[in-house]
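The structure appears right after this line, and notes come after that.
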Amino acid sequence: MTDLKKLVSLFVVLSVVVLGLASAGNLHAVDKTAKVVKEKAGLININTAGADELKKLPRIGEKMAQRIIEFRQKNGKFKRTEDIMKVKGIGEKTFKGFEKMITI
């Protein structure tokens, strides 16, 4: 089975689990399951990632990763992925380069 097929299968199974949990009213479990799906998809959570993980993003080096972390510490969690453009030095072009690689 290819990696893509495995990922799709995992997504389908977890989606069914999420729907079942949501219908049962267990929203905490839904949140945890959604987090697992995002992690399995290889997305980088910009609210929790450390410098090493952030540096995996295109055009993000040590200094920019530190700016992102400092911004989070000062302003709290990002509410939308687009909010990362509030960090000095990250404009629309940079954001578009890694937009599909991040999550919150």
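Note on naming: chains are A, B, ... as they come in the structure tokens, residues start from 1 per chain, ligands start from 1 in the order shown.
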
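Near A:Glu99, within 12 Å and counting only C-alpha atoms, sit Leu43, Ile44, Asn45, Ile46, Leu57, Pro58, Arg80, Thr81, Glu82, Asp83, Ile84, Met85, Ile90, Gly91, Glu92, Lys93, Thr94, Phe95, Lys96, Gly97, Met101, Ile102, Thr103 and Ile104 of chain A, not including residues fewer than 2 positions from it in the same chain.
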
Write a file of the selected residues as a short mmCIF file (atom, residue, chain, number, x, y, z; two decimals), in the first residue's frame, keeping N, CA, C and O atoms.
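That gives us out-v8.cif:
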```
data_model
loop_
_atom_site.label_atom_id
_atom_site.label_comp_id
_atom_site.auth_asym_id
_atom_site.auth_seq_id
_atom_site.Cartn_x
_atom_site.Cartn_y
_atom_site.Cartn_z
N LEU A 43 1.66 18.23 9.29
CA LEU A 43 1.55 19.67 9.42
C LEU A 43 2.28 20.15 10.66
O LEU A 43 2.34 19.47 11.68
N ILE A 44 2.83 21.35 10.58
CA ILE A 44 3.54 21.95 11.70
C ILE A 44 2.59 22.91 12.40
O ILE A 44 2.06 23.83 11.78
N ASN A 45 2.38 22.69 13.68
CA ASN A 45 1.51 23.54 14.47
C ASN A 45 2.30 24.78 14.88
O ASN A 45 3.22 24.67 15.70
N ILE A 46 1.93 25.92 14.34
CA ILE A 46 2.69 27.14 14.61
C ILE A 46 2.47 27.67 16.02
O ILE A 46 3.17 28.56 16.46
N LEU A 57 10.23 24.85 7.73
CA LEU A 57 9.42 25.61 6.78
C LEU A 57 10.34 26.39 5.83
O LEU A 57 11.39 26.88 6.24
N PRO A 58 9.93 26.51 4.57
CA PRO A 58 10.74 27.28 3.60
C PRO A 58 10.93 28.72 4.07
O PRO A 58 9.99 29.34 4.57
N ARG A 80 -5.49 32.19 13.59
CA ARG A 80 -5.60 31.69 12.21
C ARG A 80 -4.18 31.52 11.68
O ARG A 80 -3.27 32.20 12.14
N THR A 81 -3.99 30.64 10.73
CA THR A 81 -2.64 30.46 10.19
C THR A 81 -2.13 31.75 9.56
O THR A 81 -0.95 32.05 9.62
N GLU A 82 -3.03 32.53 8.99
CA GLU A 82 -2.64 33.80 8.34
C GLU A 82 -2.04 34.80 9.33
O GLU A 82 -1.31 35.71 8.94
N ASP A 83 -2.35 34.64 10.61
CA ASP A 83 -1.84 35.56 11.62
C ASP A 83 -0.32 35.51 11.75
O ASP A 83 0.28 36.43 12.31
N ILE A 84 0.30 34.48 11.22
CA ILE A 84 1.76 34.40 11.28
C ILE A 84 2.39 35.55 10.48
O ILE A 84 3.53 35.93 10.72
N MET A 85 1.61 36.15 9.58
CA MET A 85 2.12 37.29 8.82
C MET A 85 2.26 38.55 9.68
O MET A 85 2.82 39.55 9.25
N ILE A 90 7.66 38.22 7.89
CA ILE A 90 6.86 37.22 7.18
C ILE A 90 5.74 37.95 6.45
O ILE A 90 4.78 38.44 7.07
N GLY A 91 5.90 38.03 5.15
CA GLY A 91 4.89 38.66 4.32
C GLY A 91 4.08 37.61 3.58
O GLY A 91 4.21 36.41 3.80
N GLU A 92 3.25 38.10 2.68
CA GLU A 92 2.36 37.20 1.95
C GLU A 92 3.14 36.17 1.11
O GLU A 92 2.77 35.00 1.07
N LYS A 93 4.22 36.60 0.48
CA LYS A 93 5.00 35.67 -0.36
C LYS A 93 5.59 34.53 0.48
O LYS A 93 5.50 33.36 0.10
N THR A 94 6.17 34.88 1.61
CA THR A 94 6.74 33.85 2.49
C THR A 94 5.63 32.93 3.01
O THR A 94 5.77 31.71 3.00
N PHE A 95 4.52 33.54 3.44
CA PHE A 95 3.39 32.76 3.96
C PHE A 95 2.87 31.78 2.90
O PHE A 95 2.64 30.61 3.20
N LYS A 96 2.71 32.24 1.69
CA LYS A 96 2.21 31.37 0.61
C LYS A 96 3.15 30.19 0.36
O LYS A 96 2.71 29.12 -0.04
N GLY A 97 4.44 30.38 0.65
CA GLY A 97 5.42 29.31 0.45
C GLY A 97 5.27 28.15 1.43
O GLY A 97 5.71 27.03 1.14
N MET A 101 1.66 23.82 4.78
CA MET A 101 2.49 22.98 5.66
C MET A 101 2.22 23.24 7.13
O MET A 101 2.79 22.58 7.99
N ILE A 102 1.35 24.25 7.42
CA ILE A 102 1.14 24.65 8.82
C ILE A 102 -0.31 24.48 9.25
O ILE A 102 -1.22 24.41 8.43
N THR A 103 -0.48 24.45 10.55
CA THR A 103 -1.79 24.39 11.16
C THR A 103 -1.73 25.12 12.49
O THR A 103 -0.66 25.53 12.93
N ILE A 104 -2.90 25.29 13.11
CA ILE A 104 -2.95 25.90 14.46
C ILE A 104 -3.60 24.92 15.41
O ILE A 104 -4.24 23.97 15.01
#
```

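When only C-alpha atoms are used to measure the gap to A:Ala49, the shortest distance among A:Lys88, A:Gly76, A:Ile68, A:Glu62 belongs to A:Ile68.
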
Give me, please, the distance in Å between atom CA of A:Lys100 and atom CA of A:Asn75, quoted to one decimal.
->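 Computing the Euclidean distance for atom CA of A:Lys100 and atom CA of A:Asn75 yields 23.2 Å.
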